[in-house]
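File shown: run27.json. Contents: JSON, C-alpha atoms.
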```
[["chain", "number", "residue", "atom", "x", "y", "z"],
["A", 272, "MET", "CA", -9.92, -17.54, 20.10],
["A", 273, "LYS", "CA", -12.31, -17.48, 17.16],
["A", 274, "ALA", "CA", -15.31, -18.14, 19.42],
["A", 275, "ILE", "CA", -14.41, -15.26, 21.74],
["A", 276, "LEU", "CA", -13.78, -12.80, 18.92],
["A", 277, "SER", "CA", -16.88, -13.89, 17.03],
["A", 278, "ASN", "CA", -18.92, -13.32, 20.19],
["A", 279, "TYR", "CA", -17.40, -9.86, 20.56],
["A", 280, "LEU", "CA", -18.19, -9.08, 16.91],
["A", 281, "GLN", "CA", -21.78, -10.17, 17.49],
["A", 282, "TYR", "CA", -21.87, -7.89, 20.53],
["A", 283, "ASN", "CA", -20.64, -5.01, 18.38],
["A", 284, "LEU", "CA", -23.36, -5.68, 15.81],
["A", 285, "TRP", "CA", -25.96, -5.89, 18.60],
["A", 286, "ALA", "CA", -24.77, -2.63, 20.17],
["A", 287, "ASN", "CA", -24.65, -0.81, 16.83],
["A", 288, "GLU", "CA", -28.16, -2.04, 16.07],
["A", 289, "LYS", "CA", -29.31, -0.93, 19.51],
["A", 290, "ILE", "CA", -27.99, 2.62, 19.07],
["A", 291, "CYS", "CA", -29.45, 2.79, 15.59],
["A", 292, "LYS", "CA", -32.87, 1.71, 16.86],
["A", 293, "TYR", "CA", -32.62, 4.42, 19.48],
["A", 294, "LEU", "CA", -31.60, 7.03, 16.91],
["A", 295, "ALA", "CA", -34.66, 6.08, 14.85],
["A", 296, "GLY", "CA", -36.77, 7.57, 17.64],
["A", 297, "VAL", "CA", -34.72, 10.74, 17.95],
["A", 298, "ASP", "CA", -36.23, 13.92, 16.53],
["A", 299, "GLU", "CA", -33.46, 15.00, 14.18],
["A", 300, "LEU", "CA", -35.11, 18.34, 13.48],
["A", 301, "ASP", "CA", -35.34, 19.12, 17.18],
["A", 302, "ILE", "CA", -31.65, 18.41, 17.71],
["A", 303, "ALA", "CA", -30.65, 20.20, 14.49],
["A", 304, "SER", "CA", -32.64, 23.34, 15.24],
["A", 305, "ASN", "CA", -31.69, 23.64, 18.91],
["A", 306, "GLN", "CA", -28.23, 22.11, 19.06],
["A", 307, "GLN", "CA", -26.70, 22.21, 15.58],
["A", 308, "ASN", "CA", -23.23, 21.28, 16.77],
["A", 309, "GLU", "CA", -24.45, 18.25, 18.73],
["A", 310, "PHE", "CA", -26.57, 17.07, 15.79],
["A", 311, "MET", "CA", -23.72, 17.23, 13.30],
["A", 312, "THR", "CA", -21.26, 15.71, 15.75],
["A", 313, "ILE", "CA", -23.54, 12.75, 16.53],
["A", 314, "LYS", "CA", -23.90, 12.08, 12.81],
["A", 315, "LYS", "CA", -20.15, 12.41, 12.27],
["A", 316, "ILE", "CA", -19.39, 9.94, 15.04],
["A", 317, "ILE", "CA", -21.86, 7.34, 13.73],
["A", 318, "MET", "CA", -20.29, 7.74, 10.28],
["A", 319, "HIS", "CA", -16.82, 7.49, 11.81],
["A", 320, "ILE", "CA", -17.72, 4.17, 13.45],
["A", 321, "ALA", "CA", -19.08, 2.84, 10.15],
["A", 322, "ASP", "CA", -16.07, 4.14, 8.26],
["A", 323, "ALA", "CA", -13.57, 2.59, 10.67],
["A", 324, "GLU", "CA", -15.26, -0.81, 10.62],
["A", 325, "GLN", "CA", -15.29, -0.73, 6.82],
["A", 326, "THR", "CA", -11.63, 0.32, 6.72],
["A", 327, "TRP", "CA", -10.48, -2.43, 9.07],
["A", 328, "LEU", "CA", -12.51, -5.04, 7.19],
["A", 329, "ALA", "CA", -10.88, -3.97, 3.93],
["A", 330, "ARG", "CA", -7.45, -4.19, 5.53],
["A", 331, "LEU", "CA", -8.13, -7.63, 7.02],
["A", 332, "ASP", "CA", -9.32, -8.72, 3.57],
["A", 333, "GLY", "CA", -5.99, -7.75, 2.03],
["A", 334, "LYS", "CA", -7.06, -4.44, 0.51],
["A", 335, "ASN", "CA", -4.31, -2.06, 1.49],
["A", 336, "VAL", "CA", -6.34, 1.12, 1.94],
["A", 337, "PRO", "CA", -5.27, 3.99, 4.19],
["A", 338, "HIS", "CA", -8.93, 4.78, 4.96],
["A", 339, "MET", "CA", -12.28, 4.40, 3.22],
["A", 340, "HIS", "CA", -13.44, 8.00, 3.81],
["A", 341, "ASN", "CA", -17.16, 7.42, 3.36],
["A", 342, "LEU", "CA", -18.03, 10.34, 5.60],
["A", 343, "ASP", "CA", -21.15, 11.78, 4.00],
["A", 344, "ILE", "CA", -23.23, 13.15, 6.84],
["A", 345, "SER", "CA", -25.84, 14.78, 4.63],
["A", 346, "GLY", "CA", -28.22, 11.86, 5.11],
["A", 347, "SER", "CA", -30.55, 11.02, 7.96],
["A", 348, "PHE", "CA", -29.70, 8.94, 11.00],
["A", 349, "ALA", "CA", -31.55, 6.08, 9.27],
["A", 350, "GLY", "CA", -29.33, 6.27, 6.21],
["A", 351, "ILE", "CA", -26.13, 6.51, 8.22],
["A", 352, "CYS", "CA", -27.27, 3.63, 10.44],
["A", 353, "GLY", "CA", -27.90, 1.55, 7.31],
["A", 354, "LEU", "CA", -24.22, 1.85, 6.44],
["A", 355, "LEU", "CA", -23.21, 1.12, 10.03],
["A", 356, "ARG", "CA", -25.36, -2.03, 10.13],
["A", 357, "LYS", "CA", -24.02, -3.24, 6.78],
["A", 358, "ASN", "CA", -20.40, -2.74, 7.77],
["A", 359, "SER", "CA", -20.90, -4.49, 11.14],
["A", 360, "GLU", "CA", -22.69, -7.39, 9.45],
["A", 361, "ASP", "CA", -20.00, -7.66, 6.76],
["A", 362, "LEU", "CA", -17.23, -7.70, 9.38],
["A", 363, "THR", "CA", -19.05, -10.33, 11.46],
["A", 364, "GLU", "CA", -19.68, -12.51, 8.39],
["A", 365, "PHE", "CA", -16.09, -12.14, 7.16],
["A", 366, "ILE", "CA", -14.65, -13.27, 10.49],
["A", 367, "SER", "CA", -17.12, -16.17, 10.81],
["A", 368, "GLN", "CA", -15.61, -17.69, 7.66],
["A", 369, "LYS", "CA", -12.02, -17.62, 8.95],
["A", 370, "ASP", "CA", -10.22, -20.54, 10.54],
["A", 371, "ASP", "CA", -8.28, -20.35, 13.80],
["A", 372, "ASN", "CA", -4.97, -19.65, 12.04],
["A", 373, "PHE", "CA", -6.31, -16.33, 10.74],
["A", 374, "PHE", "CA", -6.40, -14.95, 14.30],
["A", 375, "LEU", "CA", -2.73, -15.83, 14.82],
["A", 376, "GLU", "CA", -1.63, -14.20, 11.57],
["A", 377, "SER", "CA", -0.87, -10.54, 10.96],
["A", 378, "THR", "CA", -2.08, -8.00, 8.44],
["A", 379, "GLU", "CA", 0.06, -5.32, 6.87],
["A", 380, "TYR", "CA", -1.61, -1.97, 6.29],
["A", 381, "ILE", "CA", -0.90, 1.70, 5.77],
["A", 382, "ASN", "CA", -2.31, 4.12, 8.34],
["A", 383, "LEU", "CA", -3.75, 7.59, 7.77],
["A", 384, "LYS", "CA", -0.28, 9.14, 7.91],
["A", 385, "GLY", "CA", 1.03, 6.81, 5.23],
["A", 386, "ARG", "CA", 3.07, 4.64, 7.61],
["A", 387, "LYS", "CA", 3.21, 0.91, 7.06],
["A", 388, "PHE", "CA", 2.34, -1.40, 9.97],
["A", 389, "SER", "CA", 1.87, -5.09, 10.61],
["A", 390, "GLN", "CA", -0.55, -6.12, 13.35],
["A", 391, "ASN", "CA", -1.94, -9.38, 14.64],
["A", 392, "ASN", "CA", -5.45, -9.99, 13.25],
["A", 393, "ALA", "CA", -6.98, -10.75, 16.65],
["A", 394, "GLU", "CA", -5.58, -7.49, 17.99],
["A", 395, "ILE", "CA", -6.98, -5.60, 14.99],
["A", 396, "ILE", "CA", -10.43, -7.02, 15.68],
["A", 397, "LEU", "CA", -10.22, -6.12, 19.37],
["A", 398, "HIS", "CA", -9.07, -2.61, 18.48],
["A", 399, "CYS", "CA", -11.91, -2.15, 16.01],
["A", 400, "MET", "CA", -14.54, -3.32, 18.50],
["A", 401, "ASN", "CA", -13.13, -1.19, 21.33],
["A", 402, "HIS", "CA", -13.02, 1.80, 18.98],
["A", 403, "SER", "CA", -16.72, 1.34, 18.15],
["A", 404, "THR", "CA", -17.63, 0.93, 21.82],
["A", 405, "PHE", "CA", -15.78, 4.11, 22.77],
["A", 406, "HIS", "CA", -17.56, 6.17, 20.13],
["A", 407, "ARG", "CA", -21.01, 4.73, 20.90],
["A", 408, "GLY", "CA", -20.42, 5.98, 24.43],
["A", 409, "GLN", "CA", -19.68, 9.45, 23.06],
["A", 410, "VAL", "CA", -22.96, 9.41, 21.13],
["A", 411, "ILE", "CA", -24.93, 8.38, 24.21],
["A", 412, "CYS", "CA", -23.31, 11.20, 26.19],
["A", 413, "MET", "CA", -24.17, 13.74, 23.48],
["A", 414, "LEU", "CA", -27.74, 12.51, 23.26],
["A", 415, "ARG", "CA", -28.10, 12.92, 27.00],
["A", 416, "HIS", "CA", -26.73, 16.44, 26.68],
["A", 417, "VAL", "CA", -29.63, 17.37, 24.38],
["A", 418, "GLY", "CA", -32.33, 15.72, 26.48],
["A", 419, "TYR", "CA", -32.43, 12.09, 25.30],
["A", 420, "THR", "CA", -31.78, 10.36, 28.61],
["A", 421, "ASP", "CA", -33.74, 7.13, 28.35],
["A", 422, "GLN", "CA", -31.24, 4.87, 26.55],
["A", 423, "SER", "CA", -30.95, 1.35, 27.85],
["A", 424, "ALA", "CA", -27.55, -0.13, 28.63],
["A", 425, "SER", "CA", -25.51, -1.52, 25.77],
["A", 426, "ASP", "CA", -22.63, -2.98, 27.77],
["A", 427, "PHE", "CA", -21.12, -6.31, 26.76],
["A", 428, "ILE", "CA", -22.60, -7.94, 29.86],
["A", 429, "MET", "CA", -26.09, -6.82, 28.77],
["A", 430, "PHE", "CA", -25.53, -8.48, 25.41],
["A", 431, "LEU", "CA", -24.50, -11.69, 27.14],
["A", 432, "ARG", "CA", -27.57, -11.59, 29.41],
["A", 433, "GLU", "CA", -29.90, -11.13, 26.44],
["A", 434, "LYS", "CA", -28.25, -13.84, 24.40]]
```
Have the structure of the file written as structure tokens, please.
Amino acid sequence: MKAILSNYLQYNLWANEKICKYLAGVDELDIASNQQNEFMTIKKIIMHIADAEQTWLARLDGKNVPHMHNLDISGSFAGICGLLRKNSEDLTEFISQKDDNFFLESTEYINLKGRKFSQNNAEIILHCMNHSTFHRGQVICMLRHVGYTDQSASDFIMFLREK
């Protein structure tokens, strides 16, 4: 199980890096001046991905936080992507140091509404990665809406082919 989940975490890091590299070539001023709502929403979603990965890592590490709330979208795509990269790298590194039993165990946490839950660690990791994938898809769709249509595929199978 560890090998599969580690591979999926590496895919997530690869896909986050890929979208961040793409965003580095996006003209933020063009999007901001012509499509203010799209610009702010793209930034919010990238921050949301970073925030969620950081939150789930903290929970898996035994820090019972409802949510990290690091949503500061005043920075550039580059700055926001720096946080996203760091959180993805930290999560990947954290999981690489765990033994097989960790993936069979559960983590207790408190959600945004203050409710206490206990969830299997492997399921938490899968949720976190699927969450990031879903939101990267939203960003790609929004970028296409404002004229950035040349993104390359970032599907899991593309990661495996490049590996």
* **Residue neighbourhood range 275-292 of chain A, 9 Å, all atoms listed in the file, exclusion window fewer than 2 positions, as a ChimeraX atom specification** => /A:272-273,294-296,348-349,351-353,355-356,359-360,362-363,366-367,374,393,396-397,400-401,403-404,407,410-411,422-423,425-427,430-431
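CA of Lys357 in chain A is positioned 24.2 Å from CA of Cys412 in chain A.
If only C-alpha atoms are the atoms counted, then among A:Glu379, A:Gln368, A:Gly418, A:Gly408 the closest residue to Ile395 in chain A is A:Glu379.
Among A:Asn372, A:Gln390, A:Asp361, A:Ser345, the residue with the shortest atom-to-atom distance to Lys315 in chain A, counting all atoms listed in the file, is A:Ser345.
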* State, in Å with one decimal place, the distance from CA of Tyr293 in chain A to CA of Asn358 in chain A. => 18.4 Å
* Skip Lys387 in chain A itself and residues of its chain fewer than 2 positions away, then list as a PyMOL selection string all residues within 12 Å of it, counting all atoms listed in the file. => chain A and resi 330+335-337+378-385+389-390
* Asked: Hey, can you check how far CA of Glu394 in chain A sits from CA of Asp371 in chain A?
  -> 13.8 Å
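Using only C-alpha atoms, the nearest neighbour of Trp327 in chain A within the list A:Lys369, A:Gly346, A:Asn392, A:Ala274 is A:Asn392.
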Axis-aligned box for range 404-410 of chain A, 3 Å per side, centre and edges in Å as AutoDock Vina command-line options:
```
--center_x -19.4 --center_y 5.2 --center_z 22.3 --size_x 13.2 --size_y 14.5 --size_z 10.3
```
